[in-house]
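Pasted below: final_16.txt, compact mmCIF, C-alpha atoms and all ligand atoms.
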```
# COMPACT_ATOMS: atom_id res chain seq x y z
CA MET C 31 87.49 123.87 69.61
CA LYS C 32 90.08 121.49 71.10
CA PHE C 33 89.22 118.26 72.91
CA ALA C 34 91.41 116.28 75.29
CA VAL C 35 90.58 112.70 74.28
CA ILE C 36 91.17 110.33 77.17
CA GLY C 37 90.84 106.62 76.33
CA THR C 38 91.53 105.47 72.79
CA GLY C 39 89.98 101.99 72.90
CA LYS C 40 86.83 100.75 71.14
CA THR C 41 84.87 103.95 71.85
CA GLY C 42 87.51 106.64 72.43
CA GLY C 43 89.15 105.43 69.21
CA LYS C 44 86.00 106.53 67.36
CA VAL C 45 86.29 110.01 68.92
CA VAL C 46 89.84 110.21 67.55
CA GLU C 47 88.59 109.06 64.11
CA ILE C 48 85.86 111.72 63.96
CA LEU C 49 87.86 114.74 65.17
CA LYS C 50 90.47 116.46 62.99
CA GLU C 51 94.06 116.08 64.15
CA ASP C 52 94.34 119.74 65.17
CA GLN C 53 91.21 119.42 67.35
CA ILE C 54 92.80 116.73 69.55
CA VAL C 55 94.87 117.28 72.66
CA GLY C 56 96.55 113.94 73.40
CA PRO C 57 95.03 111.46 72.80
CA PHE C 58 95.73 109.86 76.17
CA ASP C 59 95.69 106.24 77.28
CA SER C 60 97.12 104.19 80.15
CA SER C 61 100.69 104.58 78.90
CA ASN C 62 100.33 108.34 78.15
CA LYS C 63 98.31 109.81 81.00
CA PRO C 64 97.00 113.38 80.91
CA THR C 65 98.74 116.07 82.99
CA VAL C 66 97.03 119.21 84.26
CA GLU C 67 99.22 121.33 81.97
CA LYS C 68 98.28 119.29 78.89
CA LEU C 69 94.57 119.30 79.80
CA LYS C 70 94.61 123.10 80.03
CA GLU C 71 95.45 123.20 76.29
CA ALA C 72 91.94 121.84 75.57
CA ASP C 73 88.52 123.51 75.76
CA ALA C 74 86.89 120.28 77.00
CA ALA C 75 87.70 116.64 77.75
CA ILE C 76 86.00 113.47 76.47
CA LEU C 77 86.62 110.32 78.49
CA PHE C 78 85.95 106.71 77.53
CA VAL C 79 88.05 104.89 80.13
CA PRO C 80 87.23 101.88 82.33
CA ALA C 81 85.71 102.52 85.77
CA ALA C 82 89.00 101.44 87.42
CA ALA C 83 90.78 104.42 85.80
CA VAL C 84 88.38 107.13 86.99
CA ASP C 85 89.78 107.65 90.52
CA GLU C 86 93.20 108.69 89.25
CA LEU C 87 91.76 110.98 86.55
CA ILE C 88 89.35 112.97 88.73
CA ASP C 89 92.06 115.13 90.36
CA PRO C 90 93.94 116.22 87.22
CA LEU C 91 90.63 116.92 85.47
CA MET C 92 89.38 119.03 88.39
CA ASP C 93 92.69 120.88 88.67
CA SER C 94 92.58 121.73 84.95
CA LYS C 95 89.02 123.14 85.42
CA ILE C 96 88.06 122.26 81.81
CA PRO C 97 84.53 120.91 81.16
CA ALA C 98 84.42 117.11 80.83
CA ALA C 99 82.06 114.60 79.20
CA TRP C 100 82.44 111.22 80.92
CA GLY C 101 81.34 108.04 79.10
CA THR C 102 82.56 105.57 81.72
CA THR C 103 79.90 103.17 83.00
CA GLY C 104 79.84 101.13 86.22
CA TYR C 105 81.63 103.79 88.32
CA ASP C 106 80.16 104.86 91.64
CA TRP C 107 80.46 108.67 91.49
CA PRO C 108 81.15 110.40 94.86
CA ASP C 109 77.99 111.80 96.50
CA ASP C 110 79.56 115.23 96.91
CA LEU C 111 80.87 115.48 93.33
CA ASP C 112 78.16 117.90 92.21
CA HIS C 113 78.88 120.10 95.25
CA GLN C 114 82.66 120.03 94.64
CA LEU C 115 82.22 120.97 90.98
CA LYS C 116 79.85 123.81 91.82
CA GLU C 117 82.30 125.20 94.39
CA LYS C 118 85.11 125.09 91.83
CA ASN C 119 82.94 126.49 89.03
CA ILE C 120 83.47 123.42 86.80
CA LYS C 121 80.99 121.77 84.37
CA TRP C 122 80.99 117.98 83.94
CA LEU C 123 78.41 115.60 82.54
CA GLN C 124 78.06 111.86 82.27
CA ALA C 125 75.94 109.51 80.18
CA SER C 126 75.56 105.75 80.27
CA ASN C 127 74.53 105.95 76.60
CA PHE C 128 75.80 108.90 74.56
CA SER C 129 73.78 108.01 71.45
CA LEU C 130 71.73 111.09 70.54
CA GLY C 131 69.26 108.83 68.72
CA MET C 132 68.74 106.96 71.98
CA ASN C 133 67.93 110.28 73.64
CA ILE C 134 65.21 110.87 71.06
CA VAL C 135 63.91 107.36 71.84
CA ARG C 136 63.96 108.20 75.57
CA ARG C 137 61.56 111.08 74.91
CA CYS C 138 59.32 108.85 72.74
CA LEU C 139 59.18 106.25 75.52
CA ASN C 140 58.20 108.95 78.05
CA ILE C 141 55.31 109.96 75.79
CA ILE C 142 54.18 106.38 75.08
CA GLY C 143 54.23 105.54 78.81
CA GLN C 144 52.35 108.70 79.78
CA SER C 145 49.71 108.26 77.06
CA ALA C 146 49.13 104.53 77.44
CA SER C 147 46.42 105.02 80.08
CA VAL C 148 43.92 105.56 77.25
CA LEU C 149 44.59 102.06 75.90
CA ASP C 150 42.59 99.01 76.91
CA GLU C 151 44.81 96.78 79.10
CA PRO C 152 48.06 97.36 77.17
CA GLU C 153 50.94 94.88 77.51
CA PHE C 154 54.53 96.18 77.20
CA HIS C 155 57.28 93.98 75.77
CA ILE C 156 60.91 95.14 75.42
CA HIS C 157 63.22 92.86 73.42
CA GLU C 158 66.98 93.46 73.06
CA ILE C 159 69.45 91.72 70.75
CA HIS C 160 73.26 91.95 71.05
CA HIS C 161 76.38 90.13 69.81
CA LYS C 162 77.13 86.75 71.34
CA HIS C 163 80.09 88.05 73.42
CA LYS C 164 77.91 90.36 75.52
CA GLN C 165 77.89 88.92 79.03
CA ASP C 166 75.09 90.81 80.77
CA ALA C 167 71.39 90.33 80.03
CA PRO C 168 69.14 92.21 79.88
CA SER C 169 71.22 95.13 78.62
CA GLY C 170 71.47 98.25 80.77
CA THR C 171 69.70 100.11 77.98
CA ALA C 172 66.72 97.71 78.06
CA ILE C 173 66.41 98.38 81.79
CA SER C 174 66.55 102.14 81.07
CA TRP C 175 63.80 101.70 78.45
CA GLU C 176 61.47 100.28 81.12
CA GLU C 177 62.33 103.22 83.42
CA TRP C 178 61.77 105.78 80.64
CA LEU C 179 58.46 104.10 79.77
CA GLY C 180 57.39 104.22 83.42
CA LYS C 181 55.41 100.99 82.99
CA GLU C 182 56.12 97.43 84.00
CA ALA C 183 57.35 95.61 80.90
CA LYS C 184 58.33 92.07 80.01
CA ILE C 185 62.02 92.21 78.99
CA THR C 186 63.58 89.48 76.82
CA SER C 187 67.12 89.13 75.45
CA GLU C 188 68.75 87.43 72.47
CA ARG C 189 72.48 86.93 71.74
CA LYS C 190 73.64 86.30 68.20
CA GLY C 191 76.35 87.18 65.63
CA ASP C 192 77.99 90.61 65.71
CA ILE C 193 74.90 92.71 66.44
CA LYS C 194 75.90 96.10 67.96
CA GLY C 195 72.56 96.58 69.72
CA ILE C 196 68.89 96.38 68.81
CA HIS C 197 66.14 97.44 71.24
CA LYS C 198 62.45 97.04 70.46
CA LEU C 199 59.25 97.89 72.25
CA GLU C 200 55.86 96.46 71.46
CA VAL C 201 52.77 97.89 73.13
CA LYS C 202 49.93 95.48 72.48
CA THR C 203 46.22 95.44 73.17
CA ASP C 204 43.58 93.05 71.82
CA ALA C 205 42.91 95.43 68.95
CA GLU C 206 46.23 97.15 68.05
CA SER C 207 50.03 97.19 68.41
CA ILE C 208 52.59 100.00 68.56
CA HIS C 209 56.26 99.23 67.68
CA LEU C 210 59.37 101.30 68.44
CA GLU C 211 62.89 100.17 67.46
CA HIS C 212 66.43 101.51 67.89
CA LYS C 213 69.29 99.82 66.04
CA ALA C 214 72.97 100.73 66.54
CA HIS C 215 75.05 100.24 63.40
CA ASP C 216 78.36 101.72 64.56
CA ARG C 217 80.03 102.67 67.85
CA LYS C 218 80.59 106.12 66.41
CA ILE C 219 77.10 107.06 67.68
CA PHE C 220 78.61 107.19 71.21
CA ALA C 221 81.58 109.26 70.02
CA GLN C 222 79.35 111.68 68.09
CA GLY C 223 77.11 112.12 71.14
CA ALA C 224 80.05 112.72 73.46
CA ILE C 225 81.52 115.37 71.11
CA TRP C 226 78.09 117.05 70.89
CA ALA C 227 77.78 116.99 74.69
CA ALA C 228 81.28 118.42 75.21
CA GLU C 229 80.45 121.22 72.76
CA GLN C 230 77.27 121.98 74.73
CA LEU C 231 79.29 122.22 77.95
CA VAL C 232 81.51 124.84 76.33
CA ASN C 233 78.93 126.80 74.28
CA ALA C 234 75.50 126.41 75.92
CA ASP C 235 74.24 128.16 79.01
CA ILE C 236 74.96 125.31 81.45
CA SER C 237 75.60 125.89 85.13
CA PRO C 238 78.60 124.41 86.97
CA GLY C 239 78.04 120.98 88.54
CA PHE C 240 77.64 117.32 87.59
CA HIS C 241 74.93 116.83 84.95
CA ASP C 242 73.34 113.92 83.14
CA LEU C 243 73.25 114.08 79.34
CA SER C 244 69.46 113.64 79.42
CA THR C 245 69.03 116.98 81.26
CA ILE C 246 71.33 118.85 78.87
CA PHE C 247 69.66 117.20 75.85
CA ASP C 248 66.15 118.12 77.03
CA ASN C 249 67.20 121.72 77.80
CA VAL C 250 68.69 122.14 74.32
CA MET C 251 65.58 120.61 72.68
CA GLN C 252 63.30 123.03 74.54
CA LYS C 253 65.14 126.05 73.10
N1 LIG T 301 78.45 106.21 77.66
C1 LIG T 301 78.45 105.56 76.51
O1 LIG T 301 77.72 105.88 75.58
C2 LIG T 301 79.43 104.43 76.34
C3 LIG T 301 79.56 103.76 75.11
C4 LIG T 301 80.51 102.76 74.99
C5 LIG T 301 81.33 102.45 76.09
N2 LIG T 301 81.15 103.09 77.27
C6 LIG T 301 81.99 102.88 78.44
O2 LIG T 301 83.25 103.54 78.22
C7 LIG T 301 84.28 102.85 78.92
C8 LIG T 301 85.36 102.47 77.93
O3 LIG T 301 84.83 101.54 77.01
P1 LIG T 301 85.67 100.98 75.76
O4 LIG T 301 84.88 99.85 75.24
O5 LIG T 301 86.05 102.08 74.84
O6 LIG T 301 86.99 100.45 76.53
P2 LIG T 301 88.39 99.98 75.96
O7 LIG T 301 88.28 99.60 74.53
O8 LIG T 301 88.92 98.97 76.93
O9 LIG T 301 89.32 101.31 76.06
C9 LIG T 301 89.65 101.88 77.30
C10 LIG T 301 90.69 102.98 77.07
O10 LIG T 301 90.97 103.60 78.32
C11 LIG T 301 92.39 103.75 78.45
N3 LIG T 301 92.80 103.84 79.85
C12 LIG T 301 92.77 102.89 80.80
N4 LIG T 301 93.25 103.36 81.96
C13 LIG T 301 93.59 104.66 81.74
C14 LIG T 301 94.15 105.69 82.55
N5 LIG T 301 94.43 105.50 83.85
N6 LIG T 301 94.38 106.91 82.00
C15 LIG T 301 94.11 107.13 80.69
N7 LIG T 301 93.56 106.19 79.87
C16 LIG T 301 93.32 104.97 80.39
C17 LIG T 301 92.92 102.52 77.78
O11 LIG T 301 94.29 102.66 77.51
P3 LIG T 301 95.22 101.36 77.16
O12 LIG T 301 94.75 100.89 75.81
O13 LIG T 301 96.59 101.93 77.17
O14 LIG T 301 94.95 100.37 78.25
C18 LIG T 301 92.04 102.48 76.52
O15 LIG T 301 92.52 103.37 75.55
C19 LIG T 301 83.57 101.66 79.59
O16 LIG T 301 83.21 102.03 80.90
C20 LIG T 301 82.33 101.45 78.74
O17 LIG T 301 81.28 100.79 79.41
C21 LIG T 301 80.22 104.08 77.40
```
Would you put the structure from the file into structure tokens?
Ligand SMILES: NC(=O)c1ccc[n+]([C@@H]2O[C@H](COP(=O)([O-])OP(=O)(O)OC[C@H]3O[C@@H](n4cnc5c(N)ncnc54)[C@H](OP(=O)(O)O)[C@@H]3O)[C@@H](O)[C@H]2O)c1
Amino acid sequence: MKFAVIGTGKTGGKVVEILKEDQIVGPFDSSNKPTVEKLKEADAAILFVPAAAVDELIDPLMDSKIPAAWGTTGYDWPDDLDHQLKEKNIKWLQASNFSLGMNIVRRCLNIIGQSASVLDEPEFHIHEIHHKHKQDAPSGTAISWEEWLGKEAKITSERKGDIKGIHKLEVKTDAESIHLEHKAHDRKIFAQGAIWAAEQLVNADISPGFHDLSTIFDNVMQK
């Protein structure tokens, strides 16, 4: 399978590292932008570009009709995108966190949140730790954890060293505690997840439209 790799920075660079040379179309960056003709040489596209670059990439990607896995965060996707893709018979997906391990954690959090009603006055505490250059706090992932849990949680943040991302949950009652932890060691988890997702778009029974990785992941896990 061939992948058009668009964006070769901190994350896209990992996609390039993982794939074999003959699996890559491009790679493309801001000084070597993808054309429709080039994109058509690939079975799917993987994009890790900044939000500011998305507007100019939507048209060539749509014209090429290849499936695309978008990793860009902070972009406001058009409301009618799903409709447009369905009309053109194109499959795209996006994820704010492509880590497949984090998708397993998402399912665990769903179960913990749904089952916690049997506990006696449980308290939920999410703690996230990242490198000292990270500007935002709490992390977007910590906020997602609270959503996936479906319970109000206390969220705390810590910034130190070169930590790539640690998220922890403690569910505590008077009599017991439950702990769940996810630790990122390498940015390649995002690249691996994006490659897996692009392969699903090509090989799995996925309908045209704009999907979230969580839906695709859950569908695959149910089979
Ligand atoms: N979903 C996830 O799991 C996940 C994980 C990590 C990051 N992200 C997101 O992915 C995005 C990229 O993050 P990053 O840290 O990898 O960024 P980065 O290191 O700044 O790399 C961005 C890449 O995009 C390229 N680019 C910029 N404009 C372009 C254009 N018009 N056409 C083609 N390529 C263009 C850049 O090319 P030049 O080098 O030539 O400028 C560079 O190679 C961000 O939105 C980030 O939040 C998502």
Give the answer as one residue: which of C:Cys138, C:Ala82, C:Ala172, C:Ile54 has the shortest atom-to-atom distance to ligand LIG 301 (chain T), using all atoms listed in the file? C:Ala82
Could you tell me how far atom CA of Val250 of chain C lies from atom CA of Glu71 of chain C, in Å and to one decimal?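 Separation between atom CA of Val250 of chain C and atom CA of Glu71 of chain C: 26.9 Å.
Here atom CA of Leu243 of chain C is placed at a distance of 7.5 Å from atom CA of Phe128 of chain C.
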Just want the residues within 6 Å of ligand LIG 301 (chain T), written as an mmCIF file with C-alpha atoms, in the frame of the given file, counting all atoms listed in the file.
```
data_model
loop_
_atom_site.group_PDB
_atom_site.id
_atom_site.type_symbol
_atom_site.label_atom_id
_atom_site.label_comp_id
_atom_site.auth_asym_id
_atom_site.auth_seq_id
_atom_site.Cartn_x
_atom_site.Cartn_y
_atom_site.Cartn_z
ATOM 1 C CA ILE C 36 91.170 110.330 77.170
ATOM 2 C CA GLY C 37 90.840 106.620 76.330
ATOM 3 C CA THR C 38 91.530 105.470 72.790
ATOM 4 C CA GLY C 39 89.980 101.990 72.900
ATOM 5 C CA LYS C 40 86.830 100.750 71.140
ATOM 6 C CA THR C 41 84.870 103.950 71.850
ATOM 7 C CA GLY C 42 87.510 106.640 72.430
ATOM 8 C CA PHE C 58 95.730 109.860 76.170
ATOM 9 C CA ASP C 59 95.690 106.240 77.280
ATOM 10 C CA SER C 60 97.120 104.190 80.150
ATOM 11 C CA SER C 61 100.690 104.580 78.900
ATOM 12 C CA LYS C 63 98.310 109.810 81.000
ATOM 13 C CA PHE C 78 85.950 106.710 77.530
ATOM 14 C CA VAL C 79 88.050 104.890 80.130
ATOM 15 C CA PRO C 80 87.230 101.880 82.330
ATOM 16 C CA ALA C 81 85.710 102.520 85.770
ATOM 17 C CA ALA C 83 90.780 104.420 85.800
ATOM 18 C CA GLY C 101 81.340 108.040 79.100
ATOM 19 C CA THR C 102 82.560 105.570 81.720
ATOM 20 C CA THR C 103 79.900 103.170 83.000
ATOM 21 C CA ALA C 125 75.940 109.510 80.180
ATOM 22 C CA SER C 126 75.560 105.750 80.270
ATOM 23 C CA ASN C 127 74.530 105.950 76.600
ATOM 24 C CA PHE C 128 75.800 108.900 74.560
ATOM 25 C CA PHE C 220 78.610 107.190 71.210
#
```
Between atom CA of Thr203 of chain C and atom CA of Pro152 of chain C, what is the distance in Å, rounded to a tenth?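 Distance between the two atoms: 4.8 Å.
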Among the residues C:Ile156, C:Leu210, C:Val84, C:Val46, the one that comes closest to Ile225 of chain C [using only C-alpha atoms]: C:Val46
Could you check which of C:Glu153, C:Asp73, C:Asp89, C:Glu51 is closest to Gln230 of chain C, using only C-alpha atoms? C:Asp73
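In this comparison, which uses only C-alpha atoms, the residue of C:Leu87, C:Val66, C:Ile219, C:Ile120 approaching Lys194 of chain C most closely is C:Ile219.
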List the spatial neighbours of Lys44 of chain C as a count of residues only - criterion: any atom at most 6 Å away, all atoms listed in the file, same-chain residues fewer than 3 positions off excluded. 4
For segment 42-53 of chain C, where the input has fewer atoms than it should, I would like all heavy atoms rebuilt and written as a short mmCIF file (atom, residue, chain, number, x, y, z; two decimals), in the frame of the given file.
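And here is the file that came out, out-v4.cif:
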```
data_model
loop_
_atom_site.label_atom_id
_atom_site.label_comp_id
_atom_site.auth_asym_id
_atom_site.auth_seq_id
_atom_site.Cartn_x
_atom_site.Cartn_y
_atom_site.Cartn_z
N GLY C 42 86.67 105.44 72.56
CA GLY C 42 87.51 106.64 72.43
C GLY C 42 88.21 106.68 71.07
O GLY C 42 88.44 107.77 70.51
N GLY C 43 88.53 105.51 70.53
CA GLY C 43 89.15 105.43 69.21
C GLY C 43 88.25 106.05 68.14
O GLY C 43 88.74 106.65 67.18
N LYS C 44 86.95 105.93 68.32
CA LYS C 44 86.00 106.53 67.36
C LYS C 44 86.01 108.05 67.49
O LYS C 44 85.83 108.76 66.51
CB LYS C 44 84.57 106.01 67.61
CG LYS C 44 84.40 104.53 67.33
CD LYS C 44 84.30 104.27 65.84
CE LYS C 44 84.10 102.81 65.53
NZ LYS C 44 84.03 102.52 64.10
N VAL C 45 86.20 108.56 68.72
CA VAL C 45 86.29 110.01 68.92
C VAL C 45 87.50 110.53 68.14
O VAL C 45 87.41 111.54 67.42
CB VAL C 45 86.41 110.37 70.43
CG1 VAL C 45 86.54 111.88 70.61
CG2 VAL C 45 85.24 109.82 71.22
N VAL C 46 88.61 109.81 68.26
CA VAL C 46 89.84 110.21 67.55
C VAL C 46 89.61 110.18 66.04
O VAL C 46 90.06 111.08 65.31
CB VAL C 46 91.01 109.27 67.95
CG1 VAL C 46 92.25 109.54 67.09
CG2 VAL C 46 91.34 109.44 69.43
N GLU C 47 88.87 109.17 65.56
CA GLU C 47 88.59 109.06 64.11
C GLU C 47 87.76 110.25 63.60
O GLU C 47 87.97 110.75 62.50
CB GLU C 47 87.78 107.79 63.84
CG GLU C 47 88.61 106.57 63.49
CD GLU C 47 87.70 105.35 63.34
OE1 GLU C 47 86.64 105.42 62.68
OE2 GLU C 47 88.06 104.33 63.95
N ILE C 48 86.79 110.67 64.42
CA ILE C 48 85.86 111.72 63.96
C ILE C 48 86.50 113.11 63.98
O ILE C 48 86.31 113.90 63.07
CB ILE C 48 84.58 111.73 64.85
CG1 ILE C 48 83.77 110.44 64.61
CG2 ILE C 48 83.71 112.95 64.57
CD1 ILE C 48 82.63 110.25 65.60
N LEU C 49 87.27 113.39 65.05
CA LEU C 49 87.86 114.74 65.17
C LEU C 49 89.02 114.92 64.19
O LEU C 49 89.67 113.95 63.81
CB LEU C 49 88.35 114.95 66.61
CG LEU C 49 87.28 115.00 67.70
CD1 LEU C 49 87.96 115.05 69.08
CD2 LEU C 49 86.38 116.23 67.53
N LYS C 50 89.28 116.17 63.81
CA LYS C 50 90.47 116.46 62.99
C LYS C 50 91.68 116.45 63.92
O LYS C 50 91.55 116.72 65.12
CB LYS C 50 90.32 117.83 62.34
CG LYS C 50 89.16 117.90 61.37
CD LYS C 50 89.32 119.16 60.51
CE LYS C 50 88.12 119.35 59.62
NZ LYS C 50 87.17 120.35 60.09
N GLU C 51 92.84 116.20 63.33
CA GLU C 51 94.06 116.08 64.15
C GLU C 51 94.30 117.32 65.02
O GLU C 51 94.66 117.22 66.18
CB GLU C 51 95.25 115.85 63.23
CG GLU C 51 96.25 114.86 63.81
CD GLU C 51 97.40 114.65 62.84
OE1 GLU C 51 97.11 114.32 61.66
OE2 GLU C 51 98.56 114.83 63.27
N ASP C 52 94.05 118.51 64.42
CA ASP C 52 94.34 119.74 65.17
C ASP C 52 93.27 120.07 66.22
O ASP C 52 93.37 121.07 66.92
CB ASP C 52 94.58 120.93 64.22
CG ASP C 52 93.34 121.28 63.40
OD1 ASP C 52 92.30 120.60 63.57
OD2 ASP C 52 93.41 122.23 62.59
N GLN C 53 92.23 119.22 66.29
CA GLN C 53 91.21 119.42 67.35
C GLN C 53 91.52 118.56 68.58
O GLN C 53 90.81 118.64 69.57
CB GLN C 53 89.83 118.98 66.83
CG GLN C 53 89.19 119.90 65.82
CD GLN C 53 87.82 119.39 65.45
OE1 GLN C 53 87.67 118.36 64.81
NE2 GLN C 53 86.80 120.09 65.88
#
```
